[in-house]
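Pasted below: query-v3.cif, mmCIF, C-alpha atoms.
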```cif
data_model
loop_
_atom_site.label_atom_id
_atom_site.label_comp_id
_atom_site.auth_asym_id
_atom_site.auth_seq_id
_atom_site.Cartn_x
_atom_site.Cartn_y
_atom_site.Cartn_z
CA MET A 1 52.14 59.43 -1.92
CA ARG A 2 54.72 61.27 0.19
CA ARG A 3 53.11 64.61 -0.83
CA THR A 4 49.72 63.43 0.45
CA GLU A 5 51.32 62.20 3.66
CA SER A 6 53.08 65.54 4.12
CA ARG A 7 49.80 67.45 3.69
CA LEU A 8 48.00 65.24 6.20
CA LEU A 9 50.78 65.73 8.74
CA GLN A 10 50.55 69.50 8.23
CA LEU A 11 46.76 69.29 8.72
CA SER A 12 47.38 67.43 11.97
CA VAL A 13 49.76 70.14 13.16
CA TRP A 14 47.36 73.01 12.42
CA GLY A 15 44.40 71.12 13.86
CA ALA A 16 46.27 70.43 17.09
CA LEU A 17 47.31 74.10 17.32
CA GLY A 18 43.72 75.30 16.95
CA PHE A 19 42.33 72.96 19.59
CA ALA A 20 45.21 73.67 21.95
CA VAL A 21 44.50 77.42 21.97
CA ILE A 22 40.70 77.08 22.15
CA GLY A 23 40.77 74.28 24.73
CA LEU A 24 43.19 75.95 27.13
CA VAL A 25 41.42 79.33 26.99
CA LEU A 26 37.89 77.92 27.20
CA GLY A 27 38.94 75.48 29.91
CA LEU A 28 39.97 78.41 32.11
CA VAL A 29 36.86 80.45 31.19
CA THR A 30 34.38 77.64 31.87
CA ALA A 31 36.35 76.23 34.84
CA SER A 32 36.25 72.80 33.17
CA GLN A 33 39.11 70.46 33.93
CA MET A 34 37.89 68.26 31.08
CA ILE A 35 38.13 70.99 28.44
CA PHE A 36 41.48 72.12 29.86
CA PHE A 37 42.69 68.50 29.64
CA ASP A 38 41.51 68.40 26.03
CA GLY A 39 43.43 71.62 25.31
CA ALA A 40 46.54 70.33 27.08
CA TYR A 41 46.29 67.09 25.13
CA SER A 42 46.04 69.10 21.90
CA LEU A 43 49.08 71.17 22.91
CA ILE A 44 51.12 68.02 23.49
CA SER A 45 49.68 66.59 20.26
CA LEU A 46 50.92 69.72 18.49
CA ALA A 47 54.47 69.16 19.71
CA LEU A 48 54.28 65.47 18.83
CA SER A 49 52.77 66.18 15.39
CA LEU A 50 55.54 68.68 14.67
CA MET A 51 58.07 66.06 15.68
CA ALA A 52 56.40 63.52 13.40
CA PHE A 53 56.33 65.98 10.49
CA LEU A 54 60.00 66.92 10.92
CA ALA A 55 60.94 63.25 11.22
CA PHE A 56 59.02 62.52 8.03
CA ARG A 57 60.81 65.32 6.18
CA TYR A 58 64.20 64.23 7.50
CA ALA A 59 63.62 60.56 6.69
CA GLY A 60 62.72 61.52 3.12
CA LYS A 61 66.14 63.08 2.47
CA GLU A 62 68.67 60.64 1.08
CA ASP A 63 71.94 60.39 2.96
CA THR A 64 73.51 57.09 1.97
CA ARG A 65 76.91 58.13 3.30
CA ARG A 66 75.78 58.40 6.92
CA PHE A 67 72.73 56.11 6.66
CA PRO A 68 73.71 53.30 4.26
CA TYR A 69 70.73 51.19 5.42
CA GLY A 70 68.21 54.04 5.26
CA LYS A 71 66.41 55.97 7.99
CA GLU A 72 63.42 53.69 8.57
CA THR A 73 64.19 53.46 12.30
CA ILE A 74 63.17 57.12 12.70
CA GLU A 75 59.47 56.35 12.23
CA PRO A 76 59.02 53.71 14.97
CA LEU A 77 61.26 55.75 17.29
CA VAL A 78 59.03 58.83 16.91
CA VAL A 79 55.89 56.75 17.41
CA VAL A 80 57.26 55.20 20.63
CA ILE A 81 58.18 58.66 21.97
CA LYS A 82 54.67 59.91 21.16
CA ALA A 83 53.09 56.96 22.96
CA ILE A 84 55.24 57.44 26.08
CA VAL A 85 54.42 61.15 26.30
CA ILE A 86 50.68 60.49 25.88
CA SER A 87 50.86 57.84 28.62
CA LEU A 88 52.53 60.25 31.03
CA MET A 89 49.92 62.91 30.31
CA CYS A 90 47.11 60.43 31.00
CA PHE A 91 48.66 59.45 34.34
CA VAL A 92 48.87 63.12 35.36
CA ALA A 93 45.23 63.68 34.34
CA ILE A 94 44.08 60.66 36.36
CA VAL A 95 45.83 61.90 39.51
CA SER A 96 44.40 65.41 39.02
CA SER A 97 40.83 64.19 38.46
CA VAL A 98 40.91 61.87 41.48
CA THR A 99 42.13 64.77 43.64
CA GLU A 100 39.38 67.07 42.38
CA PHE A 101 36.74 64.35 42.75
CA PHE A 102 37.48 64.01 46.45
CA THR A 103 37.60 67.77 47.07
CA GLY A 104 34.06 68.59 45.96
CA GLY A 105 34.31 68.57 42.18
CA SER A 106 34.02 71.73 40.05
CA GLU A 107 31.27 74.05 38.80
CA VAL A 108 31.34 74.35 35.01
CA VAL A 109 29.78 77.02 32.75
CA LEU A 110 27.81 74.57 30.61
CA GLY A 111 26.69 76.74 27.65
CA PRO A 112 30.12 77.43 26.09
CA ALA A 113 31.31 74.00 27.21
CA LEU A 114 28.57 72.24 25.21
CA ALA A 115 29.29 74.35 22.12
CA TYR A 116 33.00 73.51 22.33
CA ALA A 117 32.28 69.80 22.77
CA LEU A 118 30.04 69.69 19.69
CA LEU A 119 32.53 71.58 17.48
CA SER A 120 35.41 69.44 18.73
CA THR A 121 33.57 66.18 18.05
CA VAL A 122 32.79 67.10 14.42
CA VAL A 123 36.21 68.52 13.50
CA CYS A 124 38.21 65.75 15.21
CA PHE A 125 36.15 63.06 13.49
CA VAL A 126 36.72 64.65 10.06
CA ILE A 127 40.50 64.82 10.58
CA PHE A 128 40.58 61.27 11.98
CA SER A 129 38.68 59.98 8.93
CA MET A 130 41.17 61.61 6.57
CA MET A 131 44.15 60.19 8.46
CA LYS A 132 42.68 56.68 8.65
CA ARG A 133 42.58 56.29 4.86
CA LYS A 134 46.40 56.14 4.65
CA LYS A 135 47.25 52.73 6.11
CA ASP A 136 50.78 52.34 4.70
CA SER A 137 52.48 54.88 6.98
CA GLU A 138 53.35 54.21 10.63
CA LEU A 139 53.51 57.97 11.27
CA LEU A 140 49.99 58.50 9.92
CA LYS A 141 48.77 55.46 11.86
CA ALA A 142 50.06 57.11 15.02
CA GLU A 143 48.49 60.44 14.02
CA SER A 144 45.23 58.63 13.23
CA ALA A 145 45.27 56.98 16.66
CA GLN A 146 45.92 60.38 18.20
CA TRP A 147 42.92 61.96 16.44
CA MET A 148 40.76 58.94 17.25
CA MET A 149 41.55 59.60 20.90
CA ASP A 150 40.66 63.26 20.39
CA THR A 151 37.35 62.28 18.78
CA LEU A 152 36.43 59.90 21.60
CA LEU A 153 37.47 62.50 24.15
CA SER A 154 35.21 65.06 22.48
CA VAL A 155 32.28 62.62 22.46
CA VAL A 156 32.80 61.94 26.18
CA ILE A 157 32.86 65.70 26.85
CA LEU A 158 29.68 66.23 24.83
CA ILE A 159 27.78 63.42 26.57
CA GLY A 160 29.00 64.43 30.01
CA PHE A 161 28.12 68.10 29.67
CA PHE A 162 24.74 67.24 28.16
CA ILE A 163 23.97 65.01 31.16
CA ALA A 164 25.13 67.80 33.50
CA TRP A 165 22.83 70.25 31.68
CA LEU A 166 19.87 67.86 32.07
CA LEU A 167 20.53 67.41 35.81
CA GLN A 168 20.49 71.14 36.54
CA GLY A 169 17.48 72.12 38.65
CA THR A 170 16.63 68.51 39.52
CA THR A 171 17.05 66.55 42.76
CA TRP A 172 20.24 65.13 41.21
CA ALA A 173 21.87 68.53 40.76
CA PHE A 174 24.37 67.76 43.51
CA LEU A 175 26.08 65.35 41.07
CA VAL A 176 26.84 68.06 38.49
CA PRO A 177 30.20 69.21 40.03
CA TYR A 178 31.49 65.63 39.92
CA ILE A 179 30.72 64.98 36.25
CA ASP A 180 33.71 66.96 34.95
CA PRO A 181 36.44 65.15 36.95
CA LEU A 182 34.68 61.82 36.35
CA MET A 183 34.88 62.39 32.58
CA VAL A 184 38.60 63.14 32.83
CA LEU A 185 39.15 59.97 34.85
CA LEU A 186 37.27 57.75 32.40
CA ALA A 187 38.79 59.32 29.28
CA ALA A 188 42.39 59.27 30.54
CA GLY A 189 42.00 55.69 31.79
CA TYR A 190 40.74 54.52 28.42
CA PHE A 191 43.40 56.42 26.49
CA LEU A 192 46.16 54.47 28.23
CA THR A 193 45.22 51.45 26.11
CA VAL A 194 46.09 53.21 22.83
CA PRO A 195 49.75 54.08 23.63
CA TYR A 196 50.27 50.50 24.79
CA GLY A 197 49.39 49.18 21.33
CA LEU A 198 51.67 51.71 19.62
CA ILE A 199 54.60 50.89 21.91
CA LYS A 200 54.09 47.16 21.43
CA THR A 201 54.02 47.36 17.62
CA ASN A 202 56.78 49.91 17.07
CA GLY A 203 58.93 48.60 19.91
CA ARG A 204 59.17 45.33 17.97
CA GLU A 205 60.54 47.26 15.01
CA LEU A 206 63.14 49.09 17.11
CA LEU A 207 64.30 45.69 18.38
CA ARG A 208 64.43 44.43 14.75
CA MET A 209 61.97 41.63 15.44
CA THR A 210 60.14 39.69 12.74
CA PRO A 211 57.20 41.31 10.90
CA ALA A 212 53.55 40.45 11.56
CA ASN A 213 52.78 36.71 11.61
CA ASP A 214 50.84 36.69 8.32
CA ILE A 215 53.69 38.38 6.43
CA GLN A 216 56.36 36.25 8.13
CA GLU A 217 54.52 33.01 7.31
CA ARG A 218 54.09 34.12 3.71
CA ILE A 219 57.81 34.84 3.28
CA VAL A 220 58.79 31.53 4.92
CA ALA A 221 56.41 29.62 2.63
CA GLU A 222 57.80 31.22 -0.53
CA VAL A 223 61.41 30.64 0.48
CA GLN A 224 60.67 26.98 1.27
CA SER A 225 58.92 26.61 -2.09
CA LEU A 226 62.00 27.96 -3.88
CA LYS A 227 64.17 25.61 -1.85
CA GLN A 228 62.25 22.60 -3.13
CA THR A 229 61.99 23.87 -6.71
CA TYR A 230 65.73 24.45 -7.07
CA ARG A 231 66.80 21.50 -4.88
CA MET A 232 68.62 23.65 -2.36
CA GLU A 233 70.11 21.83 0.58
CA ASN A 234 68.90 24.54 2.94
CA ALA A 235 67.71 28.15 2.98
CA ILE A 236 68.22 30.06 6.21
CA LEU A 237 65.87 33.05 6.47
CA ARG A 238 66.18 36.06 8.78
CA THR A 239 63.58 38.85 8.61
CA SER A 240 62.76 42.10 10.37
CA LYS A 241 60.45 45.03 9.71
CA ILE A 242 61.42 48.63 10.39
CA GLY A 243 59.09 51.43 9.33
CA ARG A 244 57.91 50.66 5.82
CA THR A 245 60.73 48.29 4.92
CA ILE A 246 60.97 44.52 5.41
CA TYR A 247 64.55 43.31 5.59
CA MET A 248 65.20 39.75 4.40
CA GLU A 249 68.53 37.97 4.64
CA ILE A 250 68.52 34.56 2.97
CA ASP A 251 71.54 32.27 3.11
CA VAL A 252 71.13 29.53 0.53
CA ILE A 253 73.19 26.38 0.92
CA LEU A 254 73.68 24.50 -2.35
CA ASN A 255 74.97 21.00 -3.13
CA GLU A 256 75.86 18.97 -6.22
CA ASN A 257 72.18 18.26 -6.98
CA SER A 258 71.02 21.90 -6.84
CA LYS A 259 69.65 23.50 -9.98
CA VAL A 260 71.49 26.74 -9.27
CA THR A 261 75.07 26.71 -10.55
CA THR A 262 75.77 30.05 -12.24
CA VAL A 263 75.49 33.70 -11.24
CA LYS A 264 72.78 34.16 -13.86
CA GLU A 265 70.71 31.38 -12.29
CA MET A 266 71.21 32.93 -8.85
CA ASP A 267 69.80 36.20 -10.16
CA LEU A 268 66.84 34.32 -11.62
CA VAL A 269 66.07 32.89 -8.17
CA ARG A 270 66.22 36.40 -6.68
CA GLU A 271 63.93 37.67 -9.44
CA GLU A 272 61.42 34.87 -8.86
CA LEU A 273 61.29 35.57 -5.11
CA ASP A 274 60.72 39.26 -5.82
CA LYS A 275 57.76 38.44 -8.10
CA ARG A 276 56.25 36.04 -5.57
CA LEU A 277 56.33 38.70 -2.85
CA SER A 278 55.30 41.62 -5.09
CA ASP A 279 51.82 41.89 -3.52
CA ILE A 280 53.28 42.71 -0.09
CA PRO A 281 52.95 46.53 0.05
CA GLU A 282 56.02 47.25 2.19
CA GLU A 283 59.36 47.97 0.55
CA LYS A 284 61.64 44.93 0.55
CA TRP A 285 65.37 44.94 1.20
CA VAL A 286 66.54 41.47 0.15
CA THR A 287 70.01 40.05 0.57
CA MET A 288 70.29 36.54 -0.87
CA SER A 289 73.65 34.78 -0.62
CA PHE A 290 74.63 31.43 -2.12
CA THR A 291 77.24 29.05 -0.70
CA MET A 292 78.12 25.38 -0.48
CA ASP A 293 79.71 25.73 2.95
CA GLU A 294 77.34 26.11 5.92
CA LYS A 295 79.96 27.97 7.98
CA TRP A 296 79.26 31.14 5.96
CA THR A 297 75.65 31.19 7.15
CA ALA A 298 76.43 31.63 10.86
#
```

Could you render the structure from this file as structure tokens?
Amino acid sequence: MRRTESRLLQLSVWGALGFAVIGLVLGLVTASQMIFFDGAYSLISLALSLMAFLAFRYAGKEDTRRFPYGKETIEPLVVVIKAIVISLMCFVAIVSSVTEFFTGGSEVVLGPALAYALLSTVVCFVIFSMMKRKKDSELLKAESAQWMMDTLLSVVILIGFFIAWLLQGTTWAFLVPYIDPLMVLLAAGYFLTVPYGLIKTNGRELLRMTPANDIQERIVAEVQSLKQTYRMENAILRTSKIGRTIYMEIDVILNENSKVTTVKEMDLVREELDKRLSDIPEEKWVTMSFTMDEKWTA
């Protein structure tokens, strides 16, 4: 699984490099702010994809001496950084497009621009489709979101330039110079919604908040079921999700009527909980402690 993930991250890096070079050069040649924005976005995507790939490689190396609890925090941290950088780039693009819109727009060489938009739409969609299949990796989810944005951006470019091509030579030709900055404004404005979702999800993990509601409710239900089955006085559950790991700390308070009295029986309870939660795809780091004194659960 990690090998497939590594290959997809490498594909993302090379794809971003190709579009960065083509977009920046063609943006200057065609005088299109939209294509230049696409190239600049790809250049930033390249840097972010490299960061994601290096983080993935680093997180995969065991180092229990310095990281006794693993390196899962690296993934949400990288995703949050990616989202912040993309947001800043979108803000800059919005300011630039508004300025150009009110200064007469820009004349674009439409032939090469249309060819670039068509090629970009097809290639970006193919890479996005490949990334989307891997749903168990936060890094690939972020890369998938990045390529989804690239695909939508390419579609906007294609539609916009096609409309501009149709308007040439008509009474509406005066609108053509404004189509390019308008596309940048619409695309950058829409793209701001994607980083928000990434920051919201991965920010929760950096703050060690509880996992998604469906997973949290499932864990609570299973722990409560075990509590009743083994006549536990109480079972205090604390959970958090970081990267691909769900951390569960369960403090079990026993009394004279509890069915758990030996270390062997305690291990059987741990084993039963593990089986009940086996269908949850994330890795599980479970710490289950048993006591008859509530003060040790604080």

Open item on the list: Ranking A:Ser144, A:Thr170, A:Ser120, A:Asn255 by minimum distance to Glu233 in chain A and counting all atoms listed in the file, which one comes first?
Closed with: A:Asn255

Residues within 9 Å of (50.7, 78.4, 18.9), file coords, all atoms listed in the file, listed as an mmCIF file with C-alpha atoms, keeping the file's coordinate frame:
```cif
data_model
loop_
_atom_site.group_PDB
_atom_site.id
_atom_site.type_symbol
_atom_site.label_atom_id
_atom_site.label_comp_id
_atom_site.auth_asym_id
_atom_site.auth_seq_id
_atom_site.Cartn_x
_atom_site.Cartn_y
_atom_site.Cartn_z
ATOM 1 C CA LEU A 17 47.310 74.100 17.320
ATOM 2 C CA GLY A 18 43.720 75.300 16.950
ATOM 3 C CA ALA A 20 45.210 73.670 21.950
ATOM 4 C CA VAL A 21 44.500 77.420 21.970
ATOM 5 C CA LEU A 43 49.080 71.170 22.910
ATOM 6 C CA LEU A 46 50.920 69.720 18.490
#
```

- [ ] Spell out the residues picked by the PyMOL selection byres ((chain A and resi 90-106) around 6) here, as number ranges by chain.
- [x] A: 87-89, 107, 177-178, 181, 185, 188

Open item on the list: Can you measure CA of Ile199 in chain A to CA of Asp279 in chain A for me? One decimal in Å is fine.
Closed with: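 That distance, rounded to one decimal, is 27.1 Å.
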
Open item on the list: Considering all atoms listed in the file, can you say which of A:Glu222, A:Glu62, A:Asp38, A:Glu143 comes closest to Thr121 in chain A?
Closed with: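 Among A:Glu222, A:Glu62, A:Asp38, A:Glu143, it is A:Asp38 that comes nearest to Thr121 in chain A.
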
Open item on the list: Please expand the PyMOL selection byres ((chain A and resi 37) around 8) into the concrete residues it hits in this file, giving the result as a VMD selection string.
Closed with: chain A and resid 23 to 24 27 33 to 36 38 to 41 93 184

- [ ] Might you spell out which residues the PyMOL selection byres ((chain A and resi 146) around 12) would select in the displayed file, as a ChimeraX atom specification?
- [x] /A:9,12-13,15-16,41-42,44-46,48-49,52,79,82-83,85-87,124-125,127-129,131-132,139-145,147-153,191-195,198

Any chance you can output those residues with C-alpha atoms as a short mmCIF file (atom, residue, chain, number, x, y, z; two decimals), in the coordinates of the input?
```cif
data_model
loop_
_atom_site.label_atom_id
_atom_site.label_comp_id
_atom_site.auth_asym_id
_atom_site.auth_seq_id
_atom_site.Cartn_x
_atom_site.Cartn_y
_atom_site.Cartn_z
CA LEU A 9 50.78 65.73 8.74
CA SER A 12 47.38 67.43 11.97
CA VAL A 13 49.76 70.14 13.16
CA GLY A 15 44.40 71.12 13.86
CA ALA A 16 46.27 70.43 17.09
CA TYR A 41 46.29 67.09 25.13
CA SER A 42 46.04 69.10 21.90
CA ILE A 44 51.12 68.02 23.49
CA SER A 45 49.68 66.59 20.26
CA LEU A 46 50.92 69.72 18.49
CA LEU A 48 54.28 65.47 18.83
CA SER A 49 52.77 66.18 15.39
CA ALA A 52 56.40 63.52 13.40
CA VAL A 79 55.89 56.75 17.41
CA LYS A 82 54.67 59.91 21.16
CA ALA A 83 53.09 56.96 22.96
CA VAL A 85 54.42 61.15 26.30
CA ILE A 86 50.68 60.49 25.88
CA SER A 87 50.86 57.84 28.62
CA CYS A 124 38.21 65.75 15.21
CA PHE A 125 36.15 63.06 13.49
CA ILE A 127 40.50 64.82 10.58
CA PHE A 128 40.58 61.27 11.98
CA SER A 129 38.68 59.98 8.93
CA MET A 131 44.15 60.19 8.46
CA LYS A 132 42.68 56.68 8.65
CA LEU A 139 53.51 57.97 11.27
CA LEU A 140 49.99 58.50 9.92
CA LYS A 141 48.77 55.46 11.86
CA ALA A 142 50.06 57.11 15.02
CA GLU A 143 48.49 60.44 14.02
CA SER A 144 45.23 58.63 13.23
CA ALA A 145 45.27 56.98 16.66
CA TRP A 147 42.92 61.96 16.44
CA MET A 148 40.76 58.94 17.25
CA MET A 149 41.55 59.60 20.90
CA ASP A 150 40.66 63.26 20.39
CA THR A 151 37.35 62.28 18.78
CA LEU A 152 36.43 59.90 21.60
CA LEU A 153 37.47 62.50 24.15
CA PHE A 191 43.40 56.42 26.49
CA LEU A 192 46.16 54.47 28.23
CA THR A 193 45.22 51.45 26.11
CA VAL A 194 46.09 53.21 22.83
CA PRO A 195 49.75 54.08 23.63
CA LEU A 198 51.67 51.71 19.62
#
```

TODO: Record the distance separating CA of Leu237 in chain A and CA of Gln224 in chain A, expressed in Å with one decimal.
DONE: 9.5 Å

Task: CA of Val29 in chain A to CA of Ala187 in chain A, distance in Å rounded to a single decimal - done: 21.3 Å

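Of the residues under consideration (A:Val220, A:Leu50, A:Ile179, A:Val126), A:Val220 shows the shortest atom-to-atom contact distance to Arg276 in chain A when counting only C-alpha atoms.
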
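Counting only C-alpha atoms and comparing A:Ile81, A:Ile74, A:Leu226, A:Leu268, the residue that lies closest to Tyr58 in chain A is A:Ile74.
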
With all atoms listed in the file as the counted atoms, please give the residues lying no more than 12 Å from Asn234 in chain A, apart from itself and same-chain residues fewer than 5 positions off, as a compact mmCIF listing (two decimals) with C-alpha atoms, keeping the file's coordinate frame.
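Output file result_36.txt follows:
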```txt
# COMPACT_ATOMS: atom_id res chain seq x y z
CA VAL A 223 61.41 30.64 0.48
CA GLN A 224 60.67 26.98 1.27
CA SER A 225 58.92 26.61 -2.09
CA LEU A 226 62.00 27.96 -3.88
CA LYS A 227 64.17 25.61 -1.85
CA GLN A 228 62.25 22.60 -3.13
CA THR A 229 61.99 23.87 -6.71
CA ILE A 250 68.52 34.56 2.97
CA ASP A 251 71.54 32.27 3.11
CA VAL A 252 71.13 29.53 0.53
CA ILE A 253 73.19 26.38 0.92
CA LEU A 254 73.68 24.50 -2.35
CA ASN A 255 74.97 21.00 -3.13
CA SER A 258 71.02 21.90 -6.84
CA SER A 289 73.65 34.78 -0.62
CA PHE A 290 74.63 31.43 -2.12
CA THR A 291 77.24 29.05 -0.70
CA MET A 292 78.12 25.38 -0.48
CA ASP A 293 79.71 25.73 2.95
CA GLU A 294 77.34 26.11 5.92
CA THR A 297 75.65 31.19 7.15
```

As AutoDock Vina command-line options: centre and edge lengths in Å, one decimal, of the axis-aligned box holding range 169-177 of chain A with 6 Å per side:
```
--center_x 23.4 --center_y 68.6 --center_z 41.0 --size_x 25.6 --size_y 19.0 --size_z 17.0
```

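Closest approach to Asp274 in chain A among A:Gln10, A:Thr239, A:Thr287, A:Asn213: A:Thr287, based on all atoms listed in the file.
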
Open item on the list: Taking all atoms listed in the file into account, name the residue in A:Ala235, A:Ile157, A:Val263, A:Ile280 that is nearest to Gln216 in chain A.
Closed with: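 The shortest atom-to-atom distance to Gln216 in chain A comes from A:Ile280.
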